[in-house]
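Following: one structure in structure tokens, then a few remarks.
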Amino acid sequence: MKKIITSVLIGENMKTVCQRFLDSGMTPKQVASRMDVPIQYIYDNIK
């Protein structure tokens, strides 16, 4: 089982946070829920 990263550094770029969550194995839907943003925001910020 993968460890889910749950912390966000103060001042960290939201695109970086989004990508880090995705790189940890979370789905776009899980990332959107975790970040409390619309799913489209996640798709717009994927590399």
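So you can find residues: chains in the structure tokens are A, B, ... in the order shown, residues in each start at 1, and ligands are numbered from 1 in order.
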Note to self: Give me the residues near Lys15 of chain A as a PyMOL selection string, where near means some atom within 12 Å (using only C-alpha atoms) and where sequence neighbours in that chain fewer than 5 positions away do not count.
What the structure shows: chain A and resi 8+20-22+31-32+35+37+41-47
Checklist line | Interatomic distance, atom CA of Arg34 of chain A to atom CA of Met14 of chain A (Å, one decimal) | finding: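 Computing it gives 12.3 Å between the two atoms.
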